[in-house]
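Notes to accompany the following structure.
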Amino acid sequence: MKQPANENVKEKKDLRTKLKSDSINIQDLEALNEQNLRTYRFRTRRNRVIIITLAILLLLAIVGVAILFAVTHQNNNCFLYVRGADASYIVDGKEINRFRTPADIQGYRIYQFDLKLKIKSSGRYKIKCEIVVYQNNKKLDNILIYEPNSDLFVRDDTNSYESINPIDGNQTITLCQGIIIDAQYERTLNANNFKMEVTTYFENA
C-alpha cells in the first residue's frame with residue numbers, strides 16, 4: 001500500500017535533519033580529535049624538554065662534584081698516617097689527616113707547623129715517627145725535622161725519630177715544630193710539586 005505523499009515528505013525531512021545532525025557530530029569529533037592530538041604533542045614536547053633539562057642538570061651536578069673532588073684532592077699535599085694503634089694528628093690546633101702547605105713554600109726555608117699526636121689507645125708503645133718530603137714524587141735529601149720533641153724522641157740512622165722510652169696511650173704528645181728544607185731546592189720547590197708524608201708507627205712495649 002502506498003504511503004501518503006505528506007508522510008514521505010516528513011520522512012525525507014527527518015532524514016535530512018538526522019544526516020545534518022550526524023554531520024555536525026562528526027565535525028565535532030574531528031575537532032576534538034585534533035585538539036587532543038595537539039594536547040598530546042604539547043605534553044610530549046613538554047615532557048621531552050623536562051627530561052632533557054633534568055638530564056643536563058644531573059650532568060652538571062656530577063661534573064661539579066667531580067671538579068670539587070679533584071680540586072680538593074689536588075690542594076692537599078701533606079698526608080698523615082698512623083700504623084699500629086688508634087691515634088690521630090693535630091696540626092696547628094686542628095685534628096686532621098691531610099692539609100696543604102702555604103703557597104710560598106720553597107727550599108732553604110724552615111716550614112713551621114705545630115705537629116701533635118693524639119693517642120686514643122690505651123697501653124704502652126714504642127713509637128717511631130718518619131717524615132718524608134717529595135718533589136714531583138722524588139724523595140728529597142737532607143730534610144731535617146725542626147725542633148723535634150727531644151724529651152721523648154731521639155733521631156735514628158734513617159732520619160726517623162724513635163721514642164727513648166715506651167710512651168703511655170690516652171694522651172696527646174708533641175712530635176715537632178716543622179721541617180727544614182735544604183738549600184738545593186730553593187729555586188725548584190713550590191707548593192704544586194711539594195708533597196710531605198708523615199707516618200707514625202706504634203709497637204706494643
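Residue numbering restarts at 1 for every chain of the C-alpha cells, chains are lettered A, B, ... in their displayed order, and ligands are numbered from 1 as they appear.
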
*For stretch 112-129 of chain A: contacts at 7 Å, only C-alpha atoms, fewer than 2 positions along chain excluded, given as an NGL selection string*: :A and (85-92 or 110 or 131 or 160-163 or 166-179 or 199-205)

Saved selection, atoms kept: C-alpha atoms, as a short mmCIF file (atom, residue, chain, number, x, y, z; two decimals), in the first residue's frame:
data_model
loop_
_atom_site.label_atom_id
_atom_site.label_comp_id
_atom_site.auth_asym_id
_atom_site.auth_seq_id
_atom_site.Cartn_x
_atom_site.Cartn_y
_atom_site.Cartn_z
CA ALA A 85 97.25 1.98 67.05
CA ASP A 86 94.23 4.25 67.26
CA ALA A 87 95.64 7.77 67.03
CA SER A 88 95.22 11.00 65.09
CA TYR A 89 97.24 14.13 64.33
CA ILE A 90 96.68 17.68 65.48
CA VAL A 91 98.24 20.29 63.18
CA ASP A 92 98.23 23.88 64.40
CA ILE A 110 112.02 26.31 57.69
CA ILE A 131 108.64 12.48 57.80
CA SER A 160 113.38 8.99 61.68
CA TYR A 161 112.66 9.65 65.33
CA GLU A 162 112.13 6.83 67.85
CA SER A 163 110.79 7.08 71.35
CA PRO A 166 107.79 3.48 75.99
CA ILE A 167 105.05 6.08 75.80
CA ASP A 168 101.68 5.70 77.51
CA GLY A 169 98.48 5.82 75.49
CA ASN A 170 95.45 8.02 76.09
CA GLN A 171 97.39 11.26 75.85
CA THR A 172 98.47 13.91 73.33
CA ILE A 173 102.18 14.41 72.69
CA THR A 174 104.14 16.90 70.60
CA LEU A 175 106.16 15.47 67.72
CA CYS A 176 107.88 18.53 66.23
CA GLN A 177 107.51 22.13 65.08
CA GLY A 178 108.10 21.67 61.36
CA ILE A 179 110.76 20.72 58.83
CA THR A 199 103.92 8.23 59.23
CA THR A 200 103.89 7.21 62.89
CA TYR A 201 104.41 3.56 63.77
CA PHE A 202 103.23 2.03 67.05
CA GLU A 203 104.62 -1.14 68.60
CA ASN A 204 103.38 -2.56 71.89
CA ALA A 205 106.06 -2.19 74.55
#

*What is the distance between atom CA of A:Gly107 and atom CA of A:Glu95, in Å to one decimal?*
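Interatomic distance here is 26.9 Å.
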
*asked:* What parts of chain A does DSSP call helix (DSSP H, G or I)? I'd like the answer as a count of residues only.
replied: 74

*Find the residues near A:Leu80: any atom within 7 Å, counting only C-alpha atoms, skip ones fewer than 5 places away on the same chain, and give them as number ranges by chain.*
A: 97-98, 197-199

*asked:* For a test of reading the model, state the distance in Å between atom CA of A:Leu140 and atom CA of A:Ile96, rounded to one decimal.
replied: 24.1 Å

*Which value, in Å to one decimal, gives the distance between atom CA of A:Ala103 and atom CA of A:Asp182?*
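Between these atoms lies a distance of 17.7 Å.
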